[in-house]
Amino acid sequence: GNGEYEQLLAEKHIDILDENNETIIRVSPHRWWVLFVFGFAAVNQAMVWMILSPSSDEFEKAYGGTFDSTYINFATNVGNGAFLLFIWPFARIVERYGPSKSTKFSCVCTFACALLRCFPWPNGVFKSVMTLSMVLSGIAGPWLNFGGPTMSETWFPIHERVTAQAIGSVSTFAGFIAGFLLGPNITVMTGDVTPDEQHGRIMILFYVEAGMCLL
């Protein structure tokens, strides 16, 4: 929030001066770390949302008819629906509580999404758990997808804002790439694979993603 921002500036700051040596903006060297944390959170949110489609065959093999293409499309769109529904509430959250608490809330939702998948739920129950996790990933999405301009305006001087905004915005797409690369590289197995073996690989994927979100 603004209080944390002002505290960081009071502890250590850099004054950017005009030609008359008058301060026109005061920035903190912590700004790049703040941007990194925000960008990494955006990567994780997109990654946990992009889990089913890249490994759809493997999920169907592990969970049988429970995870067919119809359900995978449904679960993915449930995340999209939650995303759309929370755009306006998140705008109010950011306005009232500031970027810091909004980012923390999004990180909690993302980690909760990944953590729920790590428990050995029965197949029937796990379908509902996966749906709930996709809702949580969608709730975390609006601020982490659209918060780049606010972060750059809050923390960066004018001549750095385009770079900061670009980094914040591209982080979501980096998360999609991570989801496409991570999932198949962990879950795809060659030869005759039993459902239990395939399920074990998918659980490894869940643990890896939850570990990344915990960071």
# chains A, B, ... in the order shown; residues from 1 in each chain; ligands from 1
$ residues_around --residues "A:Ile87" --least-positions-apart "3" --cutoff "9 Å" --atoms "only C-alpha atoms" --output "PyMOL selection string"
chain A and resi 82-84+90-92+139+141-143
$ write_last_selection --atoms "N, CA and C atoms" --output "compact mmCIF listing (two decimals), in the first residue's frame"
# COMPACT_ATOMS: atom_id res chain seq x y z
N ALA A 82 -14.40 -16.94 -13.50
CA ALA A 82 -14.02 -16.31 -12.23
C ALA A 82 -13.17 -15.07 -12.48
N PHE A 83 -12.30 -15.14 -13.46
CA PHE A 83 -11.47 -13.99 -13.84
C PHE A 83 -12.34 -12.80 -14.20
N LEU A 84 -13.32 -13.02 -15.07
CA LEU A 84 -14.17 -11.93 -15.53
C LEU A 84 -15.01 -11.36 -14.38
N PHE A 90 -11.75 -6.52 -7.96
CA PHE A 90 -10.32 -6.29 -7.75
C PHE A 90 -9.97 -4.82 -7.97
N ALA A 91 -10.67 -4.17 -8.88
CA ALA A 91 -10.44 -2.73 -9.06
C ALA A 91 -10.75 -1.99 -7.76
N ARG A 92 -11.80 -2.40 -7.07
CA ARG A 92 -12.14 -1.78 -5.80
C ARG A 92 -11.12 -2.15 -4.71
N ILE A 139 -9.70 -16.05 -9.79
CA ILE A 139 -9.82 -14.93 -8.87
C ILE A 139 -8.49 -14.17 -8.76
N GLY A 141 -6.34 -13.80 -11.04
CA GLY A 141 -5.89 -13.31 -12.32
C GLY A 141 -6.01 -11.82 -12.61
N PRO A 142 -7.12 -11.15 -12.29
CA PRO A 142 -7.29 -9.78 -12.78
C PRO A 142 -6.16 -8.83 -12.40
N TRP A 143 -5.78 -8.81 -11.13
CA TRP A 143 -4.74 -7.87 -10.72
C TRP A 143 -3.39 -8.25 -11.31
$ atom_distance --atom1 "atom CA of A:Pro122" --atom2 "atom CA of A:Asn44"
25.8 Å
$ residues_around --residues "A:Val34" --least-positions-apart "4" --cutoff "9 Å" --atoms "only C-alpha atoms" --output "PDB file with all heavy atoms, in the first residue's frame"
ATOM      1  N   HIS A  30      14.276  -0.422  -4.199  1.00  0.00           N
ATOM      2  CA  HIS A  30      13.520  -1.663  -4.045  1.00  0.00           C
ATOM      3  C   HIS A  30      12.557  -1.904  -5.203  1.00  0.00           C
ATOM      4  O   HIS A  30      11.954  -2.966  -5.283  1.00  0.00           O
ATOM      5  CB  HIS A  30      12.711  -1.632  -2.741  1.00  0.00           C
ATOM      6  CG  HIS A  30      13.535  -1.537  -1.493  1.00  0.00           C
ATOM      7  ND1 HIS A  30      13.984  -0.334  -1.003  1.00  0.00           N
ATOM      8  CD2 HIS A  30      14.000  -2.491  -0.650  1.00  0.00           C
ATOM      9  CE1 HIS A  30      14.665  -0.543   0.113  1.00  0.00           C
ATOM     10  NE2 HIS A  30      14.704  -1.840   0.344  1.00  0.00           N
ATOM     11  N   PHE A  38       6.100  -9.178  -8.310  1.00  0.00           N
ATOM     12  CA  PHE A  38       4.830  -9.074  -9.025  1.00  0.00           C
ATOM     13  C   PHE A  38       4.858  -9.945 -10.289  1.00  0.00           C
ATOM     14  O   PHE A  38       3.907 -10.683 -10.572  1.00  0.00           O
ATOM     15  CB  PHE A  38       4.553  -7.619  -9.392  1.00  0.00           C
ATOM     16  CG  PHE A  38       3.306  -7.419 -10.205  1.00  0.00           C
ATOM     17  CD1 PHE A  38       2.069  -7.349  -9.587  1.00  0.00           C
ATOM     18  CD2 PHE A  38       3.364  -7.308 -11.590  1.00  0.00           C
ATOM     19  CE1 PHE A  38       0.911  -7.175 -10.324  1.00  0.00           C
ATOM     20  CE2 PHE A  38       2.222  -7.129 -12.339  1.00  0.00           C
ATOM     21  CZ  PHE A  38       0.989  -7.065 -11.709  1.00  0.00           C
ATOM     22  N   GLY A  39       5.945  -9.851 -11.057  1.00  0.00           N
ATOM     23  CA  GLY A  39       6.041 -10.630 -12.290  1.00  0.00           C
ATOM     24  C   GLY A  39       6.067 -12.123 -12.040  1.00  0.00           C
ATOM     25  O   GLY A  39       5.423 -12.900 -12.765  1.00  0.00           O
ATOM     26  N   MET A 151       1.587  -0.678 -11.153  1.00  0.00           N
ATOM     27  CA  MET A 151       2.882  -0.905 -10.518  1.00  0.00           C
ATOM     28  C   MET A 151       3.946   0.038 -11.076  1.00  0.00           C
ATOM     29  O   MET A 151       4.743   0.610 -10.327  1.00  0.00           O
ATOM     30  CB  MET A 151       3.311  -2.360 -10.725  1.00  0.00           C
ATOM     31  CG  MET A 151       2.396  -3.379 -10.065  1.00  0.00           C
ATOM     32  SD  MET A 151       2.373  -3.264  -8.270  1.00  0.00           S
ATOM     33  CE  MET A 151       4.025  -3.832  -7.870  1.00  0.00           C
ATOM     34  N   TRP A 155       5.792   2.895  -8.663  1.00  0.00           N
ATOM     35  CA  TRP A 155       7.149   2.643  -8.193  1.00  0.00           C
ATOM     36  C   TRP A 155       8.241   3.237  -9.079  1.00  0.00           C
ATOM     37  O   TRP A 155       9.383   3.357  -8.626  1.00  0.00           O
ATOM     38  CB  TRP A 155       7.387   1.134  -8.084  1.00  0.00           C
ATOM     39  CG  TRP A 155       6.714   0.524  -6.899  1.00  0.00           C
ATOM     40  CD1 TRP A 155       5.493  -0.076  -6.869  1.00  0.00           C
ATOM     41  CD2 TRP A 155       7.208   0.470  -5.563  1.00  0.00           C
ATOM     42  NE1 TRP A 155       5.196  -0.514  -5.608  1.00  0.00           N
ATOM     43  CE2 TRP A 155       6.234  -0.187  -4.779  1.00  0.00           C
ATOM     44  CE3 TRP A 155       8.382   0.909  -4.959  1.00  0.00           C
ATOM     45  CZ2 TRP A 155       6.407  -0.410  -3.423  1.00  0.00           C
ATOM     46  CZ3 TRP A 155       8.556   0.675  -3.609  1.00  0.00           C
ATOM     47  CH2 TRP A 155       7.569   0.023  -2.850  1.00  0.00           C
TER      48      TRP A 155
END
$ closest_residue --among "A:Pro157, A:Gly200, A:Gly81, A:Gly168" --to "A:Lys61" --atoms "only C-alpha atoms"
A:Gly200
$ residues_around --residues "A:Val108" --least-positions-apart "4" --cutoff "12 Å" --atoms "only C-alpha atoms" --output "list in words"
Ala41, Asn44, Gln45, Lys101, Ser102, Thr103, Lys104, Ala112, Cys113, Ala114, Leu115, Ser133, Leu136, Ser137, Ile139, Ala140, Gly141, Ala210, Cys213, Leu214 and Leu215 of chain A
$ closest_residue --among "A:Gly183, A:Cys107, A:Thr190, A:Glu153" --to "A:Val43" --atoms "only C-alpha atoms"
A:Cys107
$ closest_residue --among "A:Glu95, A:Leu52, A:Ile204, A:Asp192" --to "A:Gly79" --atoms "only C-alpha atoms"
A:Leu52
$ select_by_dssp --residues "stretch 172-210 of chain A" --states "helix (DSSP H, G or I)" --output "ChimeraX atom specification"
/A:172-187,195-210
$ atom_distance --atom1 "atom CA of A:Val188" --atom2 "atom CA of A:Phe176"
18.0 Å
$ atom_distance --atom1 "atom CA of A:Gly148" --atom2 "atom CA of A:Thr110"
17.7 Å
$ closest_residue --among "A:Thr76, A:Ser55, A:Ser100, A:Ser69" --to "A:Met130" --atoms "only C-alpha atoms"
A:Thr76
$ closest_residue --among "A:Met212, A:Val125, A:Leu132, A:Leu205" --to "A:Thr66" --atoms "only C-alpha atoms"
A:Val125
$ closest_residue --among "A:Ala75, A:Phe146, A:Phe173, A:Glu58" --to "A:Val129" --atoms "only C-alpha atoms"
A:Ala75
$ residues_around --residues "A:Asn73" --least-positions-apart "6" --cutoff "12 Å" --atoms "only C-alpha atoms" --output "list of chain:residue names"
A:Trp49, A:Met50, A:Ile51, A:Leu52, A:Ser53, A:Pro54, A:Ser56, A:Phe67, A:Gly79, A:Asn80, A:Thr131, A:Met134
$ write_last_selection --atoms "N, CA and C atoms" --output "short mmCIF file (atom, residue, chain, number, x, y, z; two decimals), in the first residue's frame"
data_model
loop_
_atom_site.label_atom_id
_atom_site.label_comp_id
_atom_site.auth_asym_id
_atom_site.auth_seq_id
_atom_site.Cartn_x
_atom_site.Cartn_y
_atom_site.Cartn_z
N TRP A 49 -3.14 -22.00 -14.02
CA TRP A 49 -4.35 -22.03 -14.86
C TRP A 49 -4.12 -22.88 -16.10
N MET A 50 -2.92 -22.82 -16.69
CA MET A 50 -2.59 -23.53 -17.91
C MET A 50 -2.05 -24.92 -17.58
N ILE A 51 -2.85 -25.73 -16.88
CA ILE A 51 -2.36 -27.04 -16.46
C ILE A 51 -3.04 -28.19 -17.19
N LEU A 52 -4.28 -28.03 -17.55
CA LEU A 52 -5.04 -29.16 -18.08
C LEU A 52 -4.81 -29.38 -19.57
N SER A 53 -4.91 -28.33 -20.35
CA SER A 53 -4.86 -28.49 -21.81
C SER A 53 -3.54 -29.09 -22.32
N PRO A 54 -2.36 -28.62 -21.87
CA PRO A 54 -1.12 -29.20 -22.40
C PRO A 54 -0.94 -30.68 -22.07
N SER A 56 -3.67 -32.91 -21.48
CA SER A 56 -5.04 -33.45 -21.45
C SER A 56 -5.08 -34.97 -21.61
N PHE A 67 -11.79 -37.08 -16.40
CA PHE A 67 -11.14 -35.92 -17.01
C PHE A 67 -11.12 -36.06 -18.53
N GLY A 79 -12.29 -21.10 -14.80
CA GLY A 79 -11.27 -20.14 -14.43
C GLY A 79 -11.45 -18.81 -15.13
N ASN A 80 -11.78 -18.88 -16.43
CA ASN A 80 -12.02 -17.64 -17.18
C ASN A 80 -13.22 -16.88 -16.62
N THR A 131 -11.97 -28.18 -10.02
CA THR A 131 -12.84 -27.06 -10.42
C THR A 131 -12.67 -25.88 -9.47
N MET A 134 -9.43 -24.09 -10.10
CA MET A 134 -9.48 -23.23 -11.27
C MET A 134 -10.19 -21.91 -10.96
#
